[in-house]
>>> print(open('coords10.cif').read())   # mmCIF, N, CA and C atoms
data_target
#
loop_
_atom_site.label_atom_id
_atom_site.label_comp_id
_atom_site.auth_asym_id
_atom_site.auth_seq_id
_atom_site.Cartn_x
_atom_site.Cartn_y
_atom_site.Cartn_z
N TYR V 27 105.03 61.05 109.29
CA TYR V 27 104.32 61.44 108.10
C TYR V 27 102.83 61.22 108.32
N ILE V 28 102.04 62.11 107.76
CA ILE V 28 100.60 61.94 107.75
C ILE V 28 100.22 61.48 106.35
N VAL V 29 99.47 60.38 106.29
CA VAL V 29 99.12 59.75 105.02
C VAL V 29 97.60 59.83 104.85
N PHE V 30 97.16 60.55 103.82
CA PHE V 30 95.73 60.72 103.58
C PHE V 30 95.23 59.64 102.63
N CYS V 31 94.20 58.90 103.07
CA CYS V 31 93.60 57.82 102.27
C CYS V 31 92.15 58.17 101.96
N SER V 32 91.58 57.50 100.96
CA SER V 32 90.22 57.85 100.51
C SER V 32 89.11 57.21 101.34
N ASP V 33 89.28 55.97 101.78
CA ASP V 33 88.26 55.30 102.58
C ASP V 33 88.93 54.16 103.36
N TYR V 34 88.11 53.45 104.15
CA TYR V 34 88.69 52.41 105.02
C TYR V 34 89.40 51.32 104.23
N ASP V 35 88.80 50.86 103.14
CA ASP V 35 89.44 49.81 102.34
C ASP V 35 90.79 50.29 101.79
N HIS V 36 90.83 51.53 101.35
CA HIS V 36 92.06 52.11 100.83
C HIS V 36 93.11 52.21 101.95
N LEU V 37 92.68 52.66 103.13
CA LEU V 37 93.58 52.77 104.28
C LEU V 37 94.17 51.40 104.60
N THR V 38 93.32 50.38 104.65
CA THR V 38 93.78 49.02 104.95
C THR V 38 94.79 48.54 103.91
N GLU V 39 94.47 48.76 102.65
CA GLU V 39 95.37 48.36 101.57
C GLU V 39 96.72 49.08 101.67
N MET V 40 96.69 50.36 101.97
CA MET V 40 97.92 51.14 102.02
C MET V 40 98.78 50.78 103.24
N THR V 41 98.16 50.50 104.38
CA THR V 41 98.96 50.11 105.55
C THR V 41 99.64 48.77 105.31
N GLU V 42 99.02 47.91 104.50
CA GLU V 42 99.65 46.62 104.17
C GLU V 42 100.87 46.81 103.27
N LYS V 43 100.98 47.93 102.59
CA LYS V 43 102.11 48.23 101.70
C LYS V 43 103.32 48.80 102.45
N VAL V 44 103.14 49.15 103.71
CA VAL V 44 104.22 49.79 104.47
C VAL V 44 105.53 49.00 104.45
N PRO V 45 105.53 47.69 104.72
CA PRO V 45 106.81 46.96 104.68
C PRO V 45 107.50 47.05 103.32
N GLU V 46 106.72 46.97 102.24
CA GLU V 46 107.28 47.05 100.90
C GLU V 46 107.85 48.44 100.62
N TRP V 47 107.11 49.46 100.97
CA TRP V 47 107.51 50.84 100.66
C TRP V 47 108.59 51.38 101.58
N PHE V 48 108.52 51.05 102.87
CA PHE V 48 109.40 51.69 103.84
C PHE V 48 110.34 50.73 104.57
N GLY V 49 110.31 49.43 104.20
CA GLY V 49 111.14 48.44 104.88
C GLY V 49 112.63 48.74 104.82
N GLY V 50 113.08 49.36 103.74
CA GLY V 50 114.49 49.71 103.63
C GLY V 50 114.88 50.90 104.49
N ILE V 51 113.90 51.63 104.96
CA ILE V 51 114.15 52.80 105.80
C ILE V 51 114.06 52.43 107.27
N ASP V 52 113.02 51.67 107.60
CA ASP V 52 112.79 51.27 108.98
C ASP V 52 112.03 49.95 108.96
N GLU V 53 112.61 48.92 109.54
CA GLU V 53 111.98 47.60 109.53
C GLU V 53 110.78 47.51 110.45
N THR V 54 110.70 48.41 111.42
CA THR V 54 109.58 48.40 112.37
C THR V 54 108.99 49.80 112.55
N PRO V 55 108.42 50.36 111.48
CA PRO V 55 107.82 51.69 111.61
C PRO V 55 106.60 51.64 112.53
N HIS V 56 106.30 52.75 113.14
CA HIS V 56 105.11 52.84 113.98
C HIS V 56 103.96 53.35 113.12
N ILE V 57 102.89 52.57 113.08
CA ILE V 57 101.74 52.88 112.23
C ILE V 57 100.54 53.21 113.12
N TYR V 58 99.91 54.34 112.82
CA TYR V 58 98.72 54.79 113.53
C TYR V 58 97.62 55.02 112.50
N THR V 59 96.36 54.88 112.92
CA THR V 59 95.24 55.14 112.01
C THR V 59 94.25 56.09 112.70
N ALA V 60 93.63 56.94 111.88
CA ALA V 60 92.65 57.90 112.39
C ALA V 60 91.53 58.08 111.38
N TYR V 61 90.32 57.78 111.79
CA TYR V 61 89.16 58.02 110.95
C TYR V 61 87.94 58.15 111.86
N SER V 62 86.97 58.90 111.41
CA SER V 62 85.85 59.31 112.28
C SER V 62 85.05 58.16 112.87
N GLU V 63 84.95 57.03 112.19
CA GLU V 63 84.16 55.90 112.71
C GLU V 63 84.90 55.09 113.77
N ASP V 64 86.16 55.38 114.00
CA ASP V 64 86.96 54.61 114.94
C ASP V 64 86.98 55.29 116.31
N PRO V 65 86.44 54.65 117.36
CA PRO V 65 86.44 55.27 118.68
C PRO V 65 87.85 55.45 119.26
N GLU V 66 88.84 54.77 118.68
CA GLU V 66 90.22 54.88 119.16
C GLU V 66 91.02 55.98 118.47
N THR V 67 90.39 56.74 117.57
CA THR V 67 91.10 57.75 116.79
C THR V 67 91.80 58.77 117.67
N SER V 68 91.11 59.28 118.66
CA SER V 68 91.71 60.30 119.53
C SER V 68 92.96 59.75 120.22
N ARG V 69 92.88 58.53 120.70
CA ARG V 69 94.01 57.89 121.37
C ARG V 69 95.17 57.68 120.39
N ALA V 70 94.85 57.24 119.16
CA ALA V 70 95.89 57.01 118.16
C ALA V 70 96.58 58.31 117.77
N PHE V 71 95.81 59.39 117.58
CA PHE V 71 96.38 60.67 117.22
C PHE V 71 97.28 61.20 118.33
N THR V 72 96.84 61.05 119.57
CA THR V 72 97.65 61.47 120.72
C THR V 72 98.94 60.66 120.79
N ALA V 73 98.86 59.36 120.56
CA ALA V 73 100.06 58.51 120.59
C ALA V 73 101.02 58.88 119.46
N PHE V 74 100.48 59.16 118.28
CA PHE V 74 101.31 59.57 117.14
C PHE V 74 102.08 60.85 117.50
N LYS V 75 101.39 61.84 118.05
CA LYS V 75 102.03 63.11 118.40
C LYS V 75 103.07 62.94 119.51
N ALA V 76 102.83 62.00 120.42
CA ALA V 76 103.73 61.82 121.56
C ALA V 76 104.89 60.88 121.27
N ASP V 77 104.85 60.17 120.15
CA ASP V 77 105.89 59.18 119.82
C ASP V 77 107.22 59.88 119.57
N GLU V 78 108.15 59.69 120.48
CA GLU V 78 109.47 60.33 120.40
C GLU V 78 110.54 59.31 119.99
N SER V 79 110.12 58.16 119.54
CA SER V 79 111.07 57.11 119.17
C SER V 79 111.82 57.52 117.91
N GLU V 80 112.85 56.76 117.60
CA GLU V 80 113.65 56.98 116.39
C GLU V 80 113.04 56.28 115.17
N HIS V 81 111.88 55.66 115.36
CA HIS V 81 111.24 54.93 114.27
C HIS V 81 110.48 55.88 113.35
N LEU V 82 110.29 55.44 112.11
CA LEU V 82 109.45 56.14 111.17
C LEU V 82 108.02 56.06 111.71
N LYS V 83 107.34 57.19 111.75
CA LYS V 83 105.98 57.25 112.27
C LYS V 83 105.04 57.63 111.13
N LEU V 84 103.99 56.83 110.93
CA LEU V 84 103.03 57.05 109.85
C LEU V 84 101.63 57.08 110.44
N LEU V 85 100.92 58.17 110.22
CA LEU V 85 99.53 58.28 110.65
C LEU V 85 98.66 58.24 109.40
N PHE V 86 97.98 57.12 109.18
CA PHE V 86 97.07 56.96 108.06
C PHE V 86 95.70 57.48 108.49
N CYS V 87 95.13 58.39 107.70
CA CYS V 87 93.84 58.95 108.10
C CYS V 87 92.89 59.07 106.92
N ILE V 88 91.60 59.16 107.26
CA ILE V 88 90.53 59.31 106.28
C ILE V 88 89.72 60.54 106.66
N ASP V 89 89.64 61.51 105.76
CA ASP V 89 88.82 62.71 105.96
C ASP V 89 89.02 63.35 107.33
N MET V 90 90.23 63.36 107.79
CA MET V 90 90.55 64.01 109.05
C MET V 90 91.86 64.77 108.86
N LEU V 91 92.10 65.73 109.69
CA LEU V 91 93.35 66.49 109.74
C LEU V 91 93.57 67.30 108.47
N ASN V 92 92.52 67.59 107.72
CA ASN V 92 92.68 68.37 106.50
C ASN V 92 92.84 69.85 106.78
N GLU V 93 92.24 70.34 107.84
CA GLU V 93 92.23 71.77 108.07
C GLU V 93 92.72 72.13 109.46
N GLY V 94 93.56 73.14 109.51
CA GLY V 94 93.94 73.76 110.77
C GLY V 94 94.71 72.90 111.75
N VAL V 95 95.35 71.86 111.30
CA VAL V 95 96.10 70.99 112.19
C VAL V 95 97.58 71.22 111.99
N HIS V 96 98.28 71.47 113.07
CA HIS V 96 99.73 71.60 113.04
C HIS V 96 100.28 70.57 114.02
N VAL V 97 101.09 69.68 113.52
CA VAL V 97 101.65 68.63 114.36
C VAL V 97 103.15 68.81 114.40
N GLU V 98 103.68 69.04 115.56
CA GLU V 98 105.11 69.23 115.75
C GLU V 98 105.86 67.99 115.29
N GLY V 99 106.90 68.19 114.51
CA GLY V 99 107.78 67.10 114.11
C GLY V 99 107.35 66.32 112.89
N VAL V 100 106.23 66.69 112.25
CA VAL V 100 105.81 65.99 111.05
C VAL V 100 106.75 66.38 109.91
N SER V 101 107.34 65.39 109.28
CA SER V 101 108.30 65.65 108.20
C SER V 101 107.64 65.80 106.84
N GLY V 102 106.45 65.24 106.68
CA GLY V 102 105.81 65.32 105.38
C GLY V 102 104.39 64.81 105.39
N VAL V 103 103.73 65.05 104.28
CA VAL V 103 102.36 64.62 104.06
C VAL V 103 102.35 63.79 102.79
N ILE V 104 101.67 62.66 102.83
CA ILE V 104 101.55 61.80 101.65
C ILE V 104 100.07 61.74 101.29
N LEU V 105 99.73 62.27 100.14
CA LEU V 105 98.34 62.32 99.69
C LEU V 105 98.10 61.16 98.73
N LEU V 106 97.52 60.08 99.24
CA LEU V 106 97.24 58.90 98.43
C LEU V 106 95.81 58.91 97.90
N ARG V 107 94.98 59.73 98.46
CA ARG V 107 93.59 59.78 98.01
C ARG V 107 93.46 60.68 96.80
N PRO V 108 92.55 60.34 95.89
CA PRO V 108 92.36 61.21 94.73
C PRO V 108 91.63 62.49 95.14
N THR V 109 92.00 63.58 94.53
CA THR V 109 91.31 64.85 94.77
C THR V 109 91.51 65.77 93.58
N VAL V 110 90.52 66.59 93.32
CA VAL V 110 90.65 67.60 92.28
C VAL V 110 90.67 69.00 92.91
N SER V 111 90.54 69.05 94.21
CA SER V 111 90.46 70.32 94.92
C SER V 111 91.84 70.86 95.26
N PRO V 112 92.20 72.04 94.74
CA PRO V 112 93.48 72.63 95.12
C PRO V 112 93.51 73.00 96.61
N ILE V 113 92.35 73.21 97.20
CA ILE V 113 92.29 73.55 98.62
C ILE V 113 92.78 72.39 99.47
N ILE V 114 92.44 71.17 99.07
CA ILE V 114 92.90 69.99 99.82
C ILE V 114 94.42 69.93 99.81
N TYR V 115 95.04 70.21 98.67
CA TYR V 115 96.50 70.21 98.60
C TYR V 115 97.08 71.25 99.54
N LYS V 116 96.49 72.43 99.55
CA LYS V 116 96.98 73.50 100.42
C LYS V 116 96.77 73.16 101.88
N GLN V 117 95.61 72.60 102.21
CA GLN V 117 95.34 72.26 103.60
C GLN V 117 96.28 71.18 104.10
N GLY V 118 96.65 70.24 103.23
CA GLY V 118 97.61 69.21 103.62
C GLY V 118 98.92 69.83 104.06
N GLY V 119 99.32 70.89 103.43
CA GLY V 119 100.54 71.60 103.82
C GLY V 119 100.44 72.25 105.17
N HIS V 120 99.22 72.51 105.62
CA HIS V 120 99.05 73.11 106.94
C HIS V 120 99.41 72.13 108.06
N CYS V 121 99.45 70.85 107.74
CA CYS V 121 99.84 69.86 108.75
C CYS V 121 101.31 70.00 109.11
N LEU V 122 102.06 70.62 108.23
CA LEU V 122 103.50 70.76 108.46
C LEU V 122 103.79 72.05 109.20
N ARG V 123 104.74 72.01 110.06
CA ARG V 123 105.15 73.19 110.79
C ARG V 123 106.60 73.46 110.43
N ALA V 124 106.89 74.69 110.12
CA ALA V 124 108.27 75.06 109.78
C ALA V 124 109.16 74.77 110.98
N GLY V 125 110.34 74.31 110.73
CA GLY V 125 111.26 74.04 111.81
C GLY V 125 112.14 72.86 111.48
N ARG V 126 112.98 72.56 112.39
CA ARG V 126 113.96 71.50 112.20
C ARG V 126 113.40 70.19 112.70
N SER V 127 113.51 69.17 111.89
CA SER V 127 113.10 67.83 112.28
C SER V 127 114.25 67.17 113.02
N ARG V 128 113.91 66.35 114.01
CA ARG V 128 114.96 65.69 114.77
C ARG V 128 115.67 64.62 113.96
N ARG V 129 114.95 63.96 113.07
CA ARG V 129 115.56 62.89 112.29
C ARG V 129 114.93 62.88 110.91
N ARG V 130 115.74 62.74 109.92
CA ARG V 130 115.25 62.66 108.55
C ARG V 130 115.59 61.28 108.01
N PHE V 131 114.65 60.70 107.30
CA PHE V 131 114.87 59.40 106.68
C PHE V 131 115.25 59.63 105.23
N SER V 132 116.13 58.83 104.74
CA SER V 132 116.59 58.97 103.35
C SER V 132 116.58 57.60 102.70
N THR V 133 116.23 57.57 101.43
CA THR V 133 116.26 56.31 100.70
C THR V 133 117.56 56.14 99.95
N SER V 134 118.45 57.11 100.05
CA SER V 134 119.71 57.01 99.31
C SER V 134 120.76 56.24 100.07
#
>>> encode(input="coords10.cif", output="structure tokens")
Amino acid sequence: YIVFCSDYDHLTEMTEKVPEWFGGIDETPHIYTAYSEDPETSRAFTAFKADESEHLKLLFCIDMLNEGVHVEGVSGVILLRPTVSPIIYKQGGHCLRAGRSRRRFSTS
């Protein structure tokens, strides 16, 4: 999943919520972060795309990946940042690629 956050403090706060939100799905999800001020962003994004494990994969990002990005195997987009722009909602959908996911997580 790609998770859109509003700023660094928000990203930090949201990554701390991962055990609470997703612990019942995967006790050890793989968490990646991407934001323009981080020199490791390119490496994190590459690792996220290459992660073929059976773990839940979450890429938390700030003002990145909004436009023209298609990532194979992404099951969903989580928009945690506030926005009034319908374009942002549509662009978030561009992160998804039609096709079959190898594994789906369920809370049921």
>>> closest_residue(input="coords10.cif", among="V:Ala73, V:Ile51, V:Ile28, V:Leu105", to="Phe86 of chain V", atoms="only C-alpha atoms")
V:Ile28
>>> residues_around(input="coords10.cif", residues="Pro55 of chain V", least_positions_apart="6", cutoff="6.5 Å", atoms="all atoms listed in the file", output="JSON list (two decimals) with N, CA and C atoms, in the coordinates of the input")
[["chain", "number", "residue", "atom", "x", "y", "z"],
["V", 81, "HIS", "N", 111.88, 55.66, 115.36],
["V", 81, "HIS", "CA", 111.24, 54.93, 114.27],
["V", 81, "HIS", "C", 110.48, 55.88, 113.35],
["V", 82, "LEU", "N", 110.29, 55.44, 112.11],
["V", 82, "LEU", "CA", 109.45, 56.14, 111.17],
["V", 82, "LEU", "C", 108.02, 56.06, 111.71],
["V", 83, "LYS", "N", 107.34, 57.19, 111.75],
["V", 83, "LYS", "CA", 105.98, 57.25, 112.27],
["V", 83, "LYS", "C", 105.04, 57.63, 111.13],
["V", 84, "LEU", "N", 103.99, 56.83, 110.93],
["V", 84, "LEU", "CA", 103.03, 57.05, 109.85],
["V", 84, "LEU", "C", 101.63, 57.08, 110.44]]
>>> resolve_selection(input="coords10.cif", expression="the PyMOL selection byres (((chain V and resi 30-37 and name CA) around 8) and name CA)", output="list in words")
Ile28, Val29, Thr38, Glu39, Met40, Thr41, Phe86, Cys87, Ile88, Asp89, Val103, Ile104, Leu105, Leu106, Arg107 and Pro108 of chain V
>>> atom_distance(input="coords10.cif", atom1="atom C of Glu46 of chain V", atom2="atom CA of Ala70 of chain V")
22.9 Å
>>> atom_distance(input="coords10.cif", atom1="atom CA of Trp47 of chain V", atom2="atom C of Pro65 of chain V")
27.5 Å
>>> atom_distance(input="coords10.cif", atom1="atom CA of Tyr27 of chain V", atom2="atom CA of Glu98 of chain V")
10.9 Å
>>> build_atoms(input="coords10.cif", residues="segment 27-38 of chain V", atoms="all heavy atoms", output="mmCIF file, in the frame of the given file")
data_model
loop_
_atom_site.group_PDB
_atom_site.id
_atom_site.type_symbol
_atom_site.label_atom_id
_atom_site.label_comp_id
_atom_site.auth_asym_id
_atom_site.auth_seq_id
_atom_site.Cartn_x
_atom_site.Cartn_y
_atom_site.Cartn_z
ATOM 1 N N TYR V 27 105.030 61.050 109.290
ATOM 2 C CA TYR V 27 104.320 61.440 108.100
ATOM 3 C C TYR V 27 102.830 61.220 108.320
ATOM 4 O O TYR V 27 102.427 60.271 108.969
ATOM 5 C CB TYR V 27 104.775 60.610 106.901
ATOM 6 C CG TYR V 27 106.169 60.980 106.450
ATOM 7 C CD1 TYR V 27 107.285 60.418 107.034
ATOM 8 C CD2 TYR V 27 106.348 61.909 105.436
ATOM 9 C CE1 TYR V 27 108.560 60.769 106.627
ATOM 10 C CE2 TYR V 27 107.619 62.262 105.015
ATOM 11 C CZ TYR V 27 108.723 61.692 105.617
ATOM 12 O OH TYR V 27 109.980 62.049 105.212
ATOM 13 N N ILE V 28 102.040 62.110 107.760
ATOM 14 C CA ILE V 28 100.600 61.940 107.750
ATOM 15 C C ILE V 28 100.220 61.480 106.350
ATOM 16 O O ILE V 28 100.616 62.090 105.358
ATOM 17 C CB ILE V 28 99.878 63.246 108.130
ATOM 18 C CG1 ILE V 28 100.263 63.646 109.562
ATOM 19 C CG2 ILE V 28 98.366 63.065 108.006
ATOM 20 C CD1 ILE V 28 99.668 64.955 110.020
ATOM 21 N N VAL V 29 99.470 60.380 106.290
ATOM 22 C CA VAL V 29 99.120 59.750 105.020
ATOM 23 C C VAL V 29 97.600 59.830 104.850
ATOM 24 O O VAL V 29 96.861 59.259 105.644
ATOM 25 C CB VAL V 29 99.580 58.274 104.975
ATOM 26 C CG1 VAL V 29 99.281 57.668 103.622
ATOM 27 C CG2 VAL V 29 101.053 58.147 105.338
ATOM 28 N N PHE V 30 97.160 60.550 103.820
ATOM 29 C CA PHE V 30 95.730 60.720 103.580
ATOM 30 C C PHE V 30 95.230 59.640 102.630
ATOM 31 O O PHE V 30 95.757 59.479 101.533
ATOM 32 C CB PHE V 30 95.443 62.105 102.986
ATOM 33 C CG PHE V 30 95.710 63.214 103.958
ATOM 34 C CD1 PHE V 30 96.907 63.906 103.908
ATOM 35 C CD2 PHE V 30 94.776 63.562 104.917
ATOM 36 C CE1 PHE V 30 97.171 64.935 104.800
ATOM 37 C CE2 PHE V 30 95.029 64.585 105.818
ATOM 38 C CZ PHE V 30 96.231 65.276 105.753
ATOM 39 N N CYS V 31 94.200 58.900 103.070
ATOM 40 C CA CYS V 31 93.600 57.820 102.270
ATOM 41 C C CYS V 31 92.150 58.170 101.960
ATOM 42 O O CYS V 31 91.547 59.005 102.642
ATOM 43 C CB CYS V 31 93.664 56.509 103.041
ATOM 44 S SG CYS V 31 95.350 55.979 103.411
ATOM 45 N N SER V 32 91.580 57.500 100.960
ATOM 46 C CA SER V 32 90.220 57.850 100.510
ATOM 47 C C SER V 32 89.110 57.210 101.340
ATOM 48 O O SER V 32 88.081 57.827 101.572
ATOM 49 C CB SER V 32 90.047 57.503 99.041
ATOM 50 O OG SER V 32 90.303 56.140 98.815
ATOM 51 N N ASP V 33 89.280 55.970 101.780
ATOM 52 C CA ASP V 33 88.260 55.300 102.580
ATOM 53 C C ASP V 33 88.930 54.160 103.360
ATOM 54 O O ASP V 33 90.135 53.950 103.254
ATOM 55 C CB ASP V 33 87.109 54.771 101.703
ATOM 56 C CG ASP V 33 87.552 53.824 100.592
ATOM 57 O OD1 ASP V 33 88.543 53.066 100.790
ATOM 58 O OD2 ASP V 33 86.925 53.833 99.524
ATOM 59 N N TYR V 34 88.110 53.450 104.150
ATOM 60 C CA TYR V 34 88.690 52.410 105.020
ATOM 61 C C TYR V 34 89.400 51.320 104.230
ATOM 62 O O TYR V 34 90.485 50.881 104.609
ATOM 63 C CB TYR V 34 87.606 51.819 105.932
ATOM 64 C CG TYR V 34 88.192 50.814 106.885
ATOM 65 C CD1 TYR V 34 88.903 51.234 108.006
ATOM 66 C CD2 TYR V 34 88.069 49.458 106.654
ATOM 67 C CE1 TYR V 34 89.464 50.319 108.886
ATOM 68 C CE2 TYR V 34 88.632 48.531 107.523
ATOM 69 C CZ TYR V 34 89.328 48.972 108.634
ATOM 70 O OH TYR V 34 89.901 48.062 109.494
ATOM 71 N N ASP V 35 88.800 50.860 103.140
ATOM 72 C CA ASP V 35 89.440 49.810 102.340
ATOM 73 C C ASP V 35 90.790 50.290 101.790
ATOM 74 O O ASP V 35 91.770 49.542 101.792
ATOM 75 C CB ASP V 35 88.536 49.368 101.187
ATOM 76 C CG ASP V 35 87.319 48.593 101.666
ATOM 77 O OD1 ASP V 35 87.367 48.024 102.779
ATOM 78 O OD2 ASP V 35 86.311 48.564 100.929
ATOM 79 N N HIS V 36 90.830 51.530 101.350
ATOM 80 C CA HIS V 36 92.060 52.110 100.830
ATOM 81 C C HIS V 36 93.110 52.210 101.950
ATOM 82 O O HIS V 36 94.268 51.856 101.759
ATOM 83 C CB HIS V 36 91.769 53.489 100.229
ATOM 84 C CG HIS V 36 92.926 54.116 99.551
ATOM 85 N ND1 HIS V 36 93.353 55.383 99.858
ATOM 86 C CD2 HIS V 36 93.752 53.661 98.584
ATOM 87 C CE1 HIS V 36 94.399 55.686 99.101
ATOM 88 N NE2 HIS V 36 94.662 54.649 98.320
ATOM 89 N N LEU V 37 92.680 52.660 103.130
ATOM 90 C CA LEU V 37 93.580 52.770 104.280
ATOM 91 C C LEU V 37 94.170 51.400 104.600
ATOM 92 O O LEU V 37 95.379 51.259 104.802
ATOM 93 C CB LEU V 37 92.825 53.329 105.480
ATOM 94 C CG LEU V 37 93.622 53.486 106.760
ATOM 95 C CD1 LEU V 37 93.194 54.749 107.506
ATOM 96 C CD2 LEU V 37 93.442 52.289 107.664
ATOM 97 N N THR V 38 93.320 50.380 104.650
ATOM 98 C CA THR V 38 93.780 49.020 104.950
ATOM 99 C C THR V 38 94.790 48.540 103.910
ATOM 100 O O THR V 38 95.852 48.003 104.257
ATOM 101 C CB THR V 38 92.585 48.058 105.024
ATOM 102 O OG1 THR V 38 91.681 48.523 106.030
ATOM 103 C CG2 THR V 38 93.039 46.652 105.372
#
